[in-house]
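The next block is model-v4.csv, given as CSV, C-alpha atoms and all ligand atoms.
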chain,number,residue,atom,x,y,z
A,1,MET,CA,0.0,0.0,0.0
A,2,GLY,CA,1.4,3.4,-1.0
A,3,ALA,CA,1.0,6.7,0.7
A,4,ARG,CA,-2.5,8.1,1.1
A,5,ILE,CA,-2.9,11.6,-0.1
A,6,ASN,CA,-6.0,13.4,1.4
A,7,PRO,CA,-6.4,17.0,0.1
A,8,SER,CA,-8.1,19.4,2.5
A,9,ILE,CA,-11.0,21.3,1.1
A,10,LEU,CA,-10.3,24.1,3.6
A,11,ALA,CA,-8.2,25.5,0.7
A,12,ALA,CA,-10.9,25.0,-1.9
A,13,ASP,CA,-13.5,27.5,-3.1
A,14,PHE,CA,-16.4,27.1,-0.7
A,15,VAL,CA,-19.0,28.3,-3.2
A,16,ASN,CA,-17.7,25.8,-5.8
A,17,LEU,CA,-17.1,22.8,-3.7
A,18,GLU,CA,-18.7,20.3,-6.1
A,19,ARG,CA,-16.4,21.5,-8.8
A,20,ASP,CA,-13.4,21.4,-6.5
A,21,VAL,CA,-14.0,17.9,-5.1
A,22,ALA,CA,-14.4,16.7,-8.6
A,23,SER,CA,-10.9,18.1,-9.3
A,24,ILE,CA,-9.3,15.8,-6.6
A,25,ALA,CA,-10.8,12.5,-7.7
A,26,SER,CA,-7.3,11.0,-7.9
A,27,ALA,CA,-6.9,11.5,-4.1
A,28,ASP,CA,-7.5,8.7,-1.6
A,29,PHE,CA,-9.9,10.6,0.7
A,30,VAL,CA,-11.3,14.1,0.8
A,31,HIS,CA,-10.2,15.7,4.1
A,32,VAL,CA,-13.0,17.8,5.6
A,33,ASP,CA,-12.1,20.3,8.4
A,34,VAL,CA,-15.0,20.9,10.7
A,35,MET,CA,-14.4,23.9,13.0
A,36,ASP,CA,-16.8,25.3,15.6
A,37,ASN,CA,-15.2,28.6,16.6
A,38,HIS,CA,-14.7,27.1,20.1
A,39,PHE,CA,-12.1,24.4,19.9
A,40,VAL,CA,-10.3,26.6,17.3
A,41,PRO,CA,-10.8,30.3,16.5
A,42,ASN,CA,-12.3,29.6,13.1
A,43,LEU,CA,-15.6,28.4,11.7
A,44,THR,CA,-16.2,26.2,8.7
A,45,PHE,CA,-19.2,24.0,8.3
A,46,GLY,CA,-21.2,21.3,10.0
A,47,LEU,CA,-23.3,18.2,9.7
A,48,GLN,CA,-25.6,19.3,6.9
A,49,MET,CA,-22.7,20.4,4.7
A,50,VAL,CA,-20.8,17.1,5.3
A,51,GLY,CA,-23.9,15.1,4.4
A,52,ARG,CA,-24.2,16.9,1.1
A,53,LEU,CA,-20.5,16.7,0.3
A,54,GLN,CA,-20.9,12.9,0.9
A,55,ASP,CA,-23.4,12.9,-1.9
A,56,VAL,CA,-21.2,14.7,-4.5
A,57,SER,CA,-17.7,13.6,-3.5
A,58,PRO,CA,-15.9,11.2,-5.9
A,59,ARG,CA,-13.8,9.9,-2.9
A,60,PRO,CA,-14.7,8.9,0.7
A,61,LEU,CA,-14.6,11.6,3.3
A,62,ASP,CA,-11.9,11.9,6.0
A,63,VAL,CA,-13.6,14.2,8.5
A,64,HIS,CA,-11.4,16.1,10.9
A,65,LEU,CA,-13.4,17.5,13.8
A,66,MET,CA,-11.9,20.6,15.4
A,67,ILE,CA,-14.9,21.0,17.8
A,68,THR,CA,-15.7,20.7,21.4
A,69,ASP,CA,-18.4,18.2,22.7
A,70,VAL,CA,-17.2,15.4,20.4
A,71,ASP,CA,-18.9,12.8,22.6
A,72,ARG,CA,-22.2,14.5,21.6
A,73,TRP,CA,-21.4,15.3,18.0
A,74,ALA,CA,-18.9,12.9,16.5
A,75,PRO,CA,-21.3,10.0,16.2
A,76,ASP,CA,-23.6,12.1,14.0
A,77,TYR,CA,-20.8,12.6,11.5
A,78,ALA,CA,-20.3,8.9,11.3
A,79,LYS,CA,-24.0,8.6,10.7
A,80,THR,CA,-23.7,10.8,7.6
A,81,GLY,CA,-21.7,7.9,6.1
A,82,ALA,CA,-18.3,9.5,6.4
A,83,ALA,CA,-15.7,6.8,6.0
A,84,SER,CA,-13.4,8.2,8.6
A,85,VAL,CA,-14.1,10.5,11.6
A,86,THR,CA,-11.2,11.9,13.6
A,87,PHE,CA,-11.7,13.8,16.9
A,88,HIS,CA,-9.2,15.6,19.0
A,89,SER,CA,-7.9,13.9,22.1
A,90,GLU,CA,-8.0,17.3,23.9
A,91,ALA,CA,-11.8,17.4,23.4
A,92,THR,CA,-12.9,14.3,25.3
A,93,GLU,CA,-12.3,12.4,28.5
A,94,HIS,CA,-13.5,9.2,26.9
A,95,PRO,CA,-11.6,8.6,23.7
A,96,VAL,CA,-11.8,4.8,23.7
A,97,GLU,CA,-15.6,4.8,24.3
A,98,LEU,CA,-16.0,7.3,21.5
A,99,ALA,CA,-13.8,5.4,19.1
A,100,ARG,CA,-15.8,2.2,19.8
A,101,THR,CA,-19.1,4.1,19.1
A,102,LEU,CA,-17.7,5.4,15.8
A,103,ARG,CA,-16.6,2.0,14.7
A,104,SER,CA,-20.0,0.5,15.6
A,105,LEU,CA,-21.5,3.1,13.3
A,106,GLY,CA,-19.3,1.8,10.4
A,107,ALA,CA,-16.7,4.6,10.4
A,108,ARG,CA,-13.0,4.4,10.8
A,109,ALA,CA,-12.1,6.0,14.2
A,110,GLY,CA,-9.3,8.6,14.3
A,111,ILE,CA,-7.7,10.5,17.2
A,112,ALA,CA,-5.8,13.8,16.7
A,113,LEU,CA,-3.1,15.3,18.8
A,114,LYS,CA,-2.3,19.1,18.8
A,115,PRO,CA,1.4,19.9,18.5
A,116,GLY,CA,1.7,20.4,22.3
A,117,THR,CA,-0.1,17.2,23.3
A,118,ALA,CA,2.0,14.2,24.3
A,119,ALA,CA,1.4,10.8,22.7
A,120,GLU,CA,2.3,8.6,25.7
A,121,PRO,CA,-1.3,8.1,27.1
A,122,LEU,CA,-2.3,6.8,23.6
A,123,LEU,CA,0.5,4.3,23.0
A,124,ASP,CA,-1.1,1.4,24.9
A,125,LEU,CA,-4.5,2.0,23.3
A,126,LEU,CA,-3.5,2.1,19.6
A,127,HIS,CA,-5.6,-1.0,18.7
A,128,GLU,CA,-8.8,1.0,19.6
A,129,PHE,CA,-8.2,3.4,16.7
A,130,ASP,CA,-7.9,3.2,12.9
A,131,GLN,CA,-5.9,6.4,12.5
A,132,VAL,CA,-3.7,8.7,14.6
A,133,LEU,CA,-3.4,12.3,13.4
A,134,ILE,CA,-0.3,14.1,14.4
A,135,MET,CA,-1.0,17.8,13.8
A,136,THR,CA,2.0,19.5,12.3
A,137,VAL,CA,0.5,23.0,12.8
A,138,GLU,CA,-1.7,24.5,15.5
A,139,PRO,CA,-5.2,23.5,14.2
A,140,GLY,CA,-7.5,26.3,13.0
A,141,PHE,CA,-6.1,27.6,9.7
A,142,GLY,CA,-4.6,26.5,6.4
A,143,GLY,CA,-1.4,27.9,5.0
A,144,GLN,CA,0.7,27.7,8.1
A,145,SER,CA,4.3,26.3,8.3
A,146,PHE,CA,5.0,22.7,9.0
A,147,MET,CA,6.4,22.2,12.6
A,148,VAL,CA,9.4,19.9,12.4
A,149,SER,CA,9.3,19.9,16.2
A,150,THR,CA,6.4,17.4,16.0
A,151,MET,CA,8.5,14.7,14.2
A,152,PRO,CA,9.9,13.0,17.3
A,153,LYS,CA,6.3,12.4,18.5
A,154,LEU,CA,5.4,11.1,15.1
A,155,ALA,CA,8.3,8.7,15.2
A,156,GLN,CA,7.4,7.6,18.7
A,157,VAL,CA,3.8,6.7,17.5
A,158,ARG,CA,5.2,4.9,14.5
A,159,GLU,CA,7.4,2.8,16.7
A,160,ALA,CA,4.5,1.9,19.0
A,161,ILE,CA,2.3,1.0,16.0
A,162,THR,CA,5.1,-1.3,14.7
A,163,ARG,CA,5.5,-2.8,18.2
A,164,ALA,CA,1.8,-3.4,18.6
A,165,GLY,CA,1.6,-4.9,15.1
A,166,THR,CA,-1.7,-3.1,14.4
A,167,ASP,CA,-2.7,-1.5,11.2
A,168,VAL,CA,-3.2,2.0,12.4
A,169,TRP,CA,-2.8,4.8,9.8
A,170,LEU,CA,-0.5,7.6,10.8
A,171,GLN,CA,-1.6,10.9,9.4
A,172,VAL,CA,0.0,14.3,9.3
A,173,ASP,CA,-1.9,17.6,8.7
A,174,GLY,CA,-0.6,21.1,8.3
A,175,GLY,CA,2.0,22.7,6.1
A,176,VAL,CA,2.5,19.5,4.1
A,177,ASP,CA,4.1,20.3,0.7
A,178,LEU,CA,6.6,18.6,-1.7
A,179,THR,CA,9.5,19.2,0.8
A,180,THR,CA,7.9,18.6,4.2
A,181,ILE,CA,6.1,15.4,3.0
A,182,GLU,CA,9.4,13.7,2.8
A,183,ILE,CA,10.3,14.7,6.3
A,184,ALA,CA,7.0,13.3,7.6
A,185,ARG,CA,7.4,10.2,5.5
A,186,ASP,CA,10.9,9.6,6.9
A,187,ALA,CA,9.5,10.0,10.5
A,188,GLY,CA,6.9,7.3,9.8
A,189,ALA,CA,3.7,9.0,8.4
A,190,ASP,CA,1.7,7.1,5.7
A,191,THR,CA,-1.3,9.4,5.3
A,192,PHE,CA,-0.8,13.0,4.2
A,193,VAL,CA,-3.3,15.9,4.4
A,194,ALA,CA,-2.5,18.9,2.1
A,195,GLY,CA,-4.7,21.9,1.6
A,196,SER,CA,-2.7,24.8,0.1
A,197,ALA,CA,-0.2,22.5,-1.7
A,198,VAL,CA,-3.1,20.9,-3.6
A,199,PHE,CA,-5.4,23.9,-4.4
A,200,ARG,CA,-2.9,26.7,-4.7
A,201,GLY,CA,-1.7,25.7,-8.2
A,202,SER,CA,-3.8,25.6,-11.3
A,203,ASP,CA,-4.0,21.8,-11.5
A,204,PRO,CA,-4.9,19.9,-8.2
A,205,ALA,CA,-4.6,16.5,-9.9
A,206,GLU,CA,-1.0,17.3,-10.9
A,207,GLN,CA,-0.2,18.4,-7.3
A,208,ILE,CA,-1.7,15.2,-5.9
A,209,ALA,CA,0.5,13.1,-8.3
A,210,ALA,CA,3.6,15.1,-7.3
A,211,LEU,CA,2.9,14.7,-3.6
A,212,ARG,CA,2.2,11.0,-4.1
A,213,ALA,CA,5.5,10.5,-5.9
A,214,ALA,CA,7.4,12.4,-3.2
A,215,ALA,CA,5.7,10.4,-0.4
A,216,ASP,CA,6.3,7.0,-2.2
A,217,GLY,CA,9.9,7.8,-2.8
A,218,HIS,CA,12.6,5.8,-1.1
A,219,ARG,CA,13.5,6.6,2.5
A,220,HIS,CA,16.7,8.5,2.9
B,1,LIG,C1,-5.7,23.0,9.9
B,1,LIG,C2,-6.5,21.9,9.1
B,1,LIG,C3,-5.7,21.4,7.9
B,1,LIG,C4,-5.5,22.5,6.9
B,1,LIG,C5,-4.2,22.2,6.2
B,1,LIG,O1,-6.3,23.2,11.1
B,1,LIG,O2,-6.7,20.8,9.9
B,1,LIG,O3,-6.4,20.3,7.4
B,1,LIG,O4,-6.5,22.5,5.9
B,1,LIG,O5,-3.9,23.2,5.3
B,1,LIG,P1,-2.5,23.4,4.7
B,1,LIG,O6,-2.1,22.2,4.0
B,1,LIG,O7,-2.6,24.6,3.9
B,1,LIG,O8,-1.5,23.6,5.9
B,2,ZN,ZN,-7.4,18.9,9.0

Could you quickly redo this structure as structure tokens?
Ligand code: DX5
Ligand code: ZN
Amino acid sequence: MGARINPSILAADFVNLERDVASIASADFVHVDVMDNHFVPNLTFGLQMVGRLQDVSPRPLDVHLMITDVDRWAPDYAKTGAASVTFHSEATEHPVELARTLRSLGARAGIALKPGTAAEPLLDLLHEFDQVLIMTVEPGFGGQSFMVSTMPKLAQVREAITRAGTDVWLQVDGGVDLTTIEIARDAGADTFVAGSAVFRGSDPAEQIAALRAAADGHRH
């Protein structure tokens, strides 16, 4: 299995989302950033929009919840039919219970860590999740710079996944471009979210192909 490339539609044109998701049909998943203006100081869209996107998207949805009250709301995103629902570990006291609920609803269960959040409490629980998202910027906005300082944590999680022998996808999100994708890959990431790098140019499909080639390149 090669690298997964999940473009973030945070960098797309919100009034032309159907056109823009059609332009990234060569991606693995469509990354959907849900922000509530409480967990992060920015606001995007909610359940109704995610449900409609599901109808028109050529690829399954990888929903990234940057919201509070995930125990209350995350299951509803799984019920829209989203293939993957990732909540922040900082937003719940009951990550394992929530992950089990998401899985029982047919979604892949993901857990995200902000740059300042330690991975240790998670390392013995990896089998409860389908994806761990290591944020490589402070969540909230696209177009920020990749934080290399998060790479030791990424490598630590990769090592624990290998040790546990479970098939947990290891995702990075924030500031991923043709250069930083190789840094993240070398530290152990296999799933890459990119917003600006995909939509900033004139041809998203070309950007996806270039990112995929970079991520699938040989380790240094
Ligand atoms: C940031 C979001 C990211 C964002 C990435 O809070 O979670 O998914 O869209 O955007 P870029 O790739 O521009 O850093
Ligand atoms: Zn995201």

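Residues in contact with A:Asp36 at 9 Å, where all atoms listed in the file are counted and same-chain residues fewer than 5 positions away are skipped, are listed as Pro41, Asn42, Leu43, Thr44, Phe45, Gly46, Leu65, Met66, Ile67 and Thr68 of chain A.
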
Restricted to C-alpha atoms, what would the selected residues look like written as an mmCIF file, in the coordinates of the input?
data_model
loop_
_atom_site.group_PDB
_atom_site.id
_atom_site.type_symbol
_atom_site.label_atom_id
_atom_site.label_comp_id
_atom_site.auth_asym_id
_atom_site.auth_seq_id
_atom_site.Cartn_x
_atom_site.Cartn_y
_atom_site.Cartn_z
ATOM 1 C CA PRO A 41 -10.800 30.300 16.500
ATOM 2 C CA ASN A 42 -12.300 29.600 13.100
ATOM 3 C CA LEU A 43 -15.600 28.400 11.700
ATOM 4 C CA THR A 44 -16.200 26.200 8.700
ATOM 5 C CA PHE A 45 -19.200 24.000 8.300
ATOM 6 C CA GLY A 46 -21.200 21.300 10.000
ATOM 7 C CA LEU A 65 -13.400 17.500 13.800
ATOM 8 C CA MET A 66 -11.900 20.600 15.400
ATOM 9 C CA ILE A 67 -14.900 21.000 17.800
ATOM 10 C CA THR A 68 -15.700 20.700 21.400
#

Atom CA of A:Pro95 sits from atom CA of A:Gly81 at a separation of 20.3 Å

Surrounding residues as a ChimeraX atom specification, ligand LIG 1 (chain B), max 8 Å, all atoms listed in the file: /A:7-11,31-33,64,66,135,137-146,173-177,193-198

Original post:
Quick one: residues within 7 Å of A:Ala83, all atoms listed in the file counted, chain neighbours fewer than 6 positions away excluded, as a PyMOL selection string?
Top reply: chain A and resi 60-62+107-108

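Minimum distance to A:Val132 across A:Asp190, A:Asp69, A:Asp76, A:Glu93 (counting all atoms listed in the file) occurs at A:Asp190.
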
Skip stretch 203-214 of chain A itself and residues of its chain fewer than 6 positions away, then list as a ChimeraX atom specification all residues within 12 Å of it, counting only C-alpha atoms.
-> /A:1-9,11-12,19-30,176-186,190-197,220

Here atom CA of A:Thr136 and atom CA of A:Ser84 stand apart by 19.5 Å

note - atom CA of A:Ser104 and atom CA of A:Glu128 are separated by 11.9 Å

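Nearest residue to ligand ZN 2 (chain B) among A:Ile111, A:Ala160, A:Ala118, A:Leu105 is A:Ile111, counting only C-alpha atoms and all ligand atoms.
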
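Residues in contact with A:Gln156 at 9 Å, where all atoms listed in the file are counted and same-chain residues fewer than 5 positions away are skipped, are listed as A:Ala119, A:Glu120, A:Leu123, A:Met151, A:Ile161, A:Ala187, A:Gly188.
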
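Each of A:Thr117, A:Gln171, A:Arg72, A:Lys153 was compared to ligand ZN 2 (chain B) using all atoms listed in the file, and A:Gln171 turns out to be the nearest.
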
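Proximity ranking of A:Leu133, A:Ala78, A:Ala189, A:Val50 relative to ligand ZN 2 (chain B) places A:Leu133 first, based on all atoms listed in the file.
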